[in-house]
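Undergrad: Provided herewith: start.csv, CSV, C-alpha atoms.
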chain,number,residue,atom,x,y,z
A,163,ASP,CA,-32.1,133.5,23.8
A,164,SER,CA,-32.5,129.8,24.6
A,165,GLY,CA,-35.1,129.1,21.9
A,166,VAL,CA,-37.7,128.1,24.4
A,167,THR,CA,-40.7,130.3,24.5
A,168,GLN,CA,-43.1,130.7,27.4
A,169,THR,CA,-46.3,132.7,27.6
A,170,PRO,CA,-47.5,134.6,29.5
A,171,LYS,CA,-44.5,136.2,31.1
A,172,HIS,CA,-46.6,137.5,34.0
A,173,LEU,CA,-50.0,136.5,35.2
A,174,ILE,CA,-52.0,137.9,38.2
A,175,THR,CA,-55.1,136.0,39.2
A,176,ALA,CA,-57.3,135.3,42.3
A,177,THR,CA,-57.6,132.3,44.5
A,178,GLY,CA,-59.8,129.6,43.2
A,179,GLN,CA,-59.1,130.5,39.6
A,180,ARG,CA,-57.6,128.4,36.8
A,181,VAL,CA,-54.7,129.4,34.5
A,182,THR,CA,-52.9,127.8,31.6
A,183,LEU,CA,-49.2,128.3,31.0
A,184,ARG,CA,-47.8,127.6,27.6
A,185,CYS,CA,-44.4,126.5,26.4
A,186,SER,CA,-42.9,126.0,23.0
A,187,PRO,CA,-39.6,124.0,23.1
A,188,ARG,CA,-36.5,124.6,20.9
A,189,SER,CA,-36.9,123.5,17.4
A,190,GLY,CA,-36.3,119.8,17.2
A,191,ASP,CA,-36.4,119.1,20.9
A,192,LEU,CA,-38.8,116.4,21.9
A,193,SER,CA,-38.6,116.7,25.6
A,194,VAL,CA,-40.4,119.3,27.7
A,195,TYR,CA,-39.9,119.8,31.4
A,196,TRP,CA,-41.8,121.9,33.9
A,197,TYR,CA,-40.2,123.3,37.0
A,198,GLN,CA,-41.6,125.5,39.8
A,199,GLN,CA,-39.5,128.1,41.5
A,200,SER,CA,-41.0,129.8,44.6
A,201,LEU,CA,-39.6,132.9,46.0
A,202,ASP,CA,-35.9,132.4,47.1
A,203,GLN,CA,-36.4,128.7,46.5
A,204,GLY,CA,-34.8,126.1,44.3
A,205,LEU,CA,-36.2,124.4,41.2
A,206,GLN,CA,-38.8,121.9,42.0
A,207,PHE,CA,-39.4,119.3,39.2
A,208,LEU,CA,-43.1,119.0,38.2
A,209,ILE,CA,-43.3,116.8,35.1
A,210,HIS,CA,-41.5,115.7,31.9
A,211,TYR,CA,-43.1,114.9,28.6
A,212,TYR,CA,-41.3,113.3,25.7
A,213,ASN,CA,-42.9,113.4,22.2
A,214,GLY,CA,-46.4,113.7,23.6
A,215,GLU,CA,-46.0,111.1,26.4
A,216,GLU,CA,-45.5,111.6,30.1
A,217,ARG,CA,-42.0,110.3,31.1
A,218,ALA,CA,-41.6,111.4,34.7
A,219,LYS,CA,-43.6,113.0,37.3
A,220,GLY,CA,-42.4,114.9,40.4
A,221,ASN,CA,-44.3,116.3,43.3
A,222,ILE,CA,-47.0,117.8,41.1
A,223,LEU,CA,-50.2,118.6,42.9
A,224,GLU,CA,-53.4,117.0,41.7
A,225,ARG,CA,-54.8,120.4,41.0
A,226,PHE,CA,-52.0,120.8,38.3
A,227,SER,CA,-52.0,119.0,35.0
A,228,ALA,CA,-50.0,119.1,31.9
A,229,GLN,CA,-49.9,117.8,28.4
A,230,GLN,CA,-47.7,117.9,25.3
A,231,PHE,CA,-49.4,118.4,21.9
A,232,PRO,CA,-48.5,116.8,18.5
A,233,ASP,CA,-46.7,120.0,17.5
A,234,LEU,CA,-44.6,119.5,20.7
A,235,HIS,CA,-45.7,122.6,22.6
A,236,SER,CA,-46.8,122.0,26.1
A,237,GLU,CA,-49.3,123.5,28.5
A,238,LEU,CA,-49.4,123.4,32.3
A,239,ASN,CA,-52.8,123.8,33.8
A,240,LEU,CA,-53.1,125.1,37.3
A,241,SER,CA,-56.6,125.0,38.9
A,242,SER,CA,-58.2,125.9,42.2
A,243,LEU,CA,-55.3,128.3,42.7
A,244,GLU,CA,-54.0,129.0,46.2
A,245,LEU,CA,-51.8,131.8,47.5
A,246,GLY,CA,-49.0,129.3,47.8
A,247,ASP,CA,-49.0,128.6,44.1
A,248,SER,CA,-47.5,132.0,43.4
A,249,ALA,CA,-44.2,131.2,41.8
A,250,LEU,CA,-42.1,131.3,38.7
A,251,TYR,CA,-42.9,128.4,36.5
A,252,PHE,CA,-40.1,127.4,34.1
A,253,CYS,CA,-40.3,125.3,31.1
A,254,ALA,CA,-37.2,123.6,29.7
A,255,SER,CA,-36.5,121.5,26.7
A,256,SER,CA,-33.7,119.1,25.9
A,257,ALA,CA,-32.5,117.2,22.8
A,258,VAL,CA,-32.4,113.8,24.5
A,259,THR,CA,-34.6,111.9,26.9
A,260,ARG,CA,-31.9,110.6,29.1
A,261,ASP,CA,-29.5,113.2,30.3
A,262,GLY,CA,-28.3,116.4,28.8
A,263,GLU,CA,-28.4,120.2,29.0
A,264,LEU,CA,-31.7,121.8,29.8
A,265,PHE,CA,-32.6,124.9,27.9
A,266,PHE,CA,-34.9,127.1,30.0
A,267,GLY,CA,-37.5,129.5,28.9
A,268,GLU,CA,-37.8,132.9,30.6
A,269,GLY,CA,-40.5,131.6,32.9
A,270,SER,CA,-44.0,132.6,33.7
A,271,ARG,CA,-44.4,134.5,36.9
A,272,LEU,CA,-47.8,133.7,38.5
A,273,THR,CA,-49.1,135.8,41.3
A,274,VAL,CA,-52.2,134.6,43.1
A,275,LEU,CA,-54.0,137.2,45.2
B,56,GLY,CA,-35.6,109.1,44.4
B,57,GLU,CA,-32.6,111.3,43.9
B,58,ASN,CA,-31.8,113.8,46.6
B,59,VAL,CA,-29.3,116.6,46.0
B,60,GLU,CA,-27.9,118.7,48.8
B,61,GLN,CA,-26.0,121.9,48.1
B,62,HIS,CA,-23.7,124.0,50.4
B,63,PRO,CA,-23.3,126.7,51.3
B,64,SER,CA,-26.6,128.5,50.7
B,65,THR,CA,-24.9,131.8,50.5
B,66,LEU,CA,-21.3,132.7,49.8
B,67,SER,CA,-19.6,136.1,49.8
B,68,VAL,CA,-16.1,136.6,48.4
B,69,GLN,CA,-13.8,139.4,47.4
B,70,GLU,CA,-13.2,140.0,43.8
B,71,GLY,CA,-10.2,137.9,42.7
B,72,ASP,CA,-10.7,135.2,45.3
B,73,SER,CA,-11.9,131.7,44.6
B,74,ALA,CA,-15.3,130.3,45.3
B,75,VAL,CA,-16.2,126.7,45.9
B,76,ILE,CA,-19.7,125.2,46.0
B,77,LYS,CA,-20.3,121.6,47.0
B,78,CYS,CA,-23.1,119.2,46.2
B,79,THR,CA,-23.9,115.6,47.3
B,80,TYR,CA,-26.2,113.2,45.7
B,81,SER,CA,-27.9,110.1,46.9
B,82,ASP,CA,-28.6,107.9,43.8
B,83,SER,CA,-25.6,105.9,42.7
B,84,ALA,CA,-27.2,105.6,39.3
B,85,SER,CA,-26.9,109.4,38.6
B,86,ASN,CA,-24.4,109.9,35.9
B,87,TYR,CA,-24.8,113.5,34.7
B,88,PHE,CA,-24.0,116.5,36.8
B,89,PRO,CA,-24.7,120.0,35.4
B,90,TRP,CA,-24.2,123.4,37.0
B,91,TYR,CA,-26.6,126.3,36.2
B,92,LYS,CA,-26.2,130.0,36.8
B,93,GLN,CA,-29.3,132.1,37.4
B,94,GLU,CA,-28.9,135.8,37.4
B,95,LEU,CA,-31.6,137.9,39.2
B,96,GLY,CA,-34.8,137.7,37.3
B,97,LYS,CA,-33.4,135.6,34.6
B,98,ARG,CA,-33.6,132.0,33.5
B,99,PRO,CA,-31.1,129.3,34.6
B,100,GLN,CA,-28.3,128.7,32.1
B,101,LEU,CA,-25.8,125.9,32.0
B,102,ILE,CA,-22.3,126.9,32.7
B,103,ILE,CA,-20.5,123.6,33.0
B,104,ASP,CA,-21.4,119.9,33.3
B,105,ILE,CA,-19.6,116.6,34.0
B,106,ARG,CA,-20.4,113.0,33.3
B,107,SER,CA,-19.6,110.1,35.6
B,108,ASN,CA,-16.8,108.8,33.4
B,109,VAL,CA,-14.8,111.9,34.1
B,110,GLY,CA,-13.3,113.2,37.4
B,111,GLU,CA,-12.7,116.8,36.5
B,112,LYS,CA,-13.6,119.3,33.8
B,113,LYS,CA,-12.3,122.8,33.3
B,114,ASP,CA,-13.5,125.7,31.2
B,115,GLN,CA,-11.4,128.9,31.7
B,116,ARG,CA,-12.1,130.1,35.3
B,117,ILE,CA,-14.7,127.4,36.0
B,118,ALA,CA,-14.0,123.8,37.0
B,119,VAL,CA,-16.1,120.9,38.3
B,120,THR,CA,-14.8,117.9,40.1
B,121,LEU,CA,-16.7,114.6,40.7
B,122,ASN,CA,-16.1,112.0,43.3
B,123,LYS,CA,-18.3,109.1,42.5
B,124,THR,CA,-17.3,107.0,45.5
B,125,ALA,CA,-18.3,109.7,47.9
B,126,LYS,CA,-21.2,110.9,45.7
B,127,HIS,CA,-20.2,114.5,45.7
B,128,PHE,CA,-19.2,117.1,43.1
B,129,SER,CA,-18.0,120.6,43.4
B,130,LEU,CA,-17.9,123.8,41.4
B,131,HIS,CA,-14.8,125.9,41.5
B,132,ILE,CA,-14.6,129.5,40.3
B,133,THR,CA,-11.2,131.2,40.3
B,134,GLU,CA,-10.4,134.9,40.0
B,135,THR,CA,-14.0,135.8,40.7
B,136,GLN,CA,-15.5,138.9,39.2
B,137,PRO,CA,-18.6,141.0,40.1
B,138,GLU,CA,-20.4,139.5,37.2
B,139,ASP,CA,-20.1,136.1,38.7
B,140,SER,CA,-22.6,137.2,41.3
B,141,ALA,CA,-25.7,135.0,40.9
B,142,VAL,CA,-27.5,132.0,42.2
B,143,TYR,CA,-25.8,128.7,41.2
B,144,PHE,CA,-27.6,125.4,41.1
B,145,CYS,CA,-26.2,121.9,40.9
B,146,ALA,CA,-28.2,119.1,39.5
B,147,ALA,CA,-28.0,115.3,39.1
B,148,SER,CA,-29.7,112.9,36.8
B,149,ALA,CA,-29.5,109.3,35.8
B,150,THR,CA,-30.0,107.7,32.4
B,151,ASN,CA,-33.7,107.2,31.7
B,152,ALA,CA,-34.7,108.9,35.0
B,153,GLY,CA,-36.5,111.5,33.0
B,154,LYS,CA,-35.6,114.4,35.2
B,155,SER,CA,-32.8,116.4,36.7
B,156,THR,CA,-32.9,116.9,40.5
B,157,PHE,CA,-31.6,120.3,41.6
B,158,GLY,CA,-29.9,121.5,44.7
B,159,ASP,CA,-31.4,124.4,46.6
B,160,GLY,CA,-29.0,126.9,45.1
B,161,THR,CA,-26.1,129.0,46.4
B,162,THR,CA,-26.2,132.8,46.2
B,163,LEU,CA,-22.8,134.0,45.4
B,164,THR,CA,-21.9,137.6,45.9
B,165,VAL,CA,-18.6,138.9,44.6
B,166,LYS,CA,-17.6,142.2,46.3
B,167,PRO,CA,-15.6,144.6,44.2
Show me the file's structure as structure tokens.

TA:
Amino acid sequence: DSGVTQTPKHLITATGQRVTLRCSPRSGDLSVYWYQQSLDQGLQFLIHYYNGEERAKGNILERFSAQQFPDLHSELNLSSLELGDSALYFCASSAVTRDGELFFGEGSRLTVL
Amino acid sequence: GENVEQHPSTLSVQEGDSAVIKCTYSDSASNYFPWYKQELGKRPQLIIDIRSNVGEKKDQRIAVTLNKTAKHFSLHITETQPEDSAVYFCAASATNAGKSTFGDGTTLTVKP
């Protein structure tokens, strides 16, 4: 158990819909990262928040948005969903902002039909 | 931005043999190089990491080497076992970059 909690574990929805994925980092970790892993693909960086502020952004689509709340949990919002958005979405947290081990959650598997 | 290339994409070895996975990176500012193991249906987990002030690091059957001049680093697994079968990802990050860039992964299969 990494200490990072993600919900829901599985989500099936239709094209055009909107979903919200939730992540609670390890106790004490201020950084939250979101990664997308499509089938048989690598880990694509989406976005990083540190203590409520956006610190880095990857190739995140405009249809996607995220935020980190005062209690440090984070939400990834995916809207106008397309078939290609089907993927495993991982949240990770770390103890430092610069470099260090990422602790991954179990992931949220999104299936868009 | 940083670009990390990982080779090979698949690797099959006999139990007891060694396995080597190589990664190259593009950003000379990168100074932290972790390796993650992802078993089927599970989350990635760190197995070993190395920082730019070190050339080699070893942990039991696993070792990582770093060549800063050539911008490449490698994972070495000796005496492989079937439970080593998984996808391995290398990554690179720089201080204050705010993210780790991952390679595309290597699927390692260890045949009994």

Undergrad: As an NGL selection string, please: the residues near Leu66 of chain B (cut-off 8 Å, only C-alpha atoms, same-chain neighbours under 6 positions excluded).

TA: :B and (74 or 161-164)

Undergrad: To one decimal place, how far is atom CA of Pro89 of chain B from atom CA of Thr133 of chain B in Å?

TA: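 Atom-to-atom, atom CA of Pro89 of chain B and atom CA of Thr133 of chain B are spaced 18.2 Å apart.
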
Undergrad: Excluding same-chain residues fewer than 2 positions from Ser189 of chain A, what lies within 8 Å of it counting all atoms listed in the file, as a ChimeraX atom specification?

TA: /A:165,187,191

Undergrad: What is the distance between atom CA of Asp72 of chain B and atom CA of Ser140 of chain B, in Å to one decimal?

TA: 12.7 Å

Undergrad: Which neighbours of Pro170 of chain A fall inside 8 Å, counting all atoms listed in the file, when residues of the same chain fewer than 4 positions from it are skipped, and could you give them as a list in words?

TA: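 The residues that qualify are Leu183, Arg184 and Ser270 of chain A.
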
Undergrad: Just the number, please: distance in Å from atom CA of Val274 of chain A to atom CA of Lys92 of chain B, one decimal.

TA: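 These atoms are spaced 27.1 Å apart.
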
Undergrad: Compute the chain A side of the contact with chain B at 9 Å, counting all atoms listed in the file, and hand it back as a list in words.

TA: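 Therefore, the residues near the partner are Ser164, Tyr195, Gln203, Gly204, Leu205, Gln206, Phe207, Ile209, His210, Tyr211, Tyr212, Arg217, Ala218, Lys219, Gly220, Phe252, Thr259, Arg260, Asp261, Gly262, Glu263, Leu264, Phe265, Phe266, Gly267, Glu268 and Gly269 of chain A.
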
Undergrad: Could you list, as a compact mmCIF listing (two decimals) with C-alpha atoms, keeping the file's coordinate frame, every residue within 12 Å of Gly110 of chain B, counting only C-alpha atoms and ignoring same-chain residues fewer than 6 positions away?

TA:
# COMPACT_ATOMS: atom_id res chain seq x y z
CA ASN B 86 -24.40 109.90 35.90
CA TYR B 87 -24.80 113.50 34.70
CA PHE B 88 -24.00 116.50 36.80
CA ASP B 104 -21.40 119.90 33.30
CA ALA B 118 -14.00 123.80 37.00
CA VAL B 119 -16.10 120.90 38.30
CA THR B 120 -14.80 117.90 40.10
CA LEU B 121 -16.70 114.60 40.70
CA ASN B 122 -16.10 112.00 43.30
CA LYS B 123 -18.30 109.10 42.50
CA THR B 124 -17.30 107.00 45.50
CA LYS B 126 -21.20 110.90 45.70
CA HIS B 127 -20.20 114.50 45.70
CA PHE B 128 -19.20 117.10 43.10
CA SER B 129 -18.00 120.60 43.40

Undergrad: My list of candidates is A:Ser186, A:Ser242, A:Gln199, A:Ser256. Which is closest to Glu224 of chain A when distances are computed with only C-alpha atoms?

TA: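 So, comparing all the options, the nearest one is A:Ser242.
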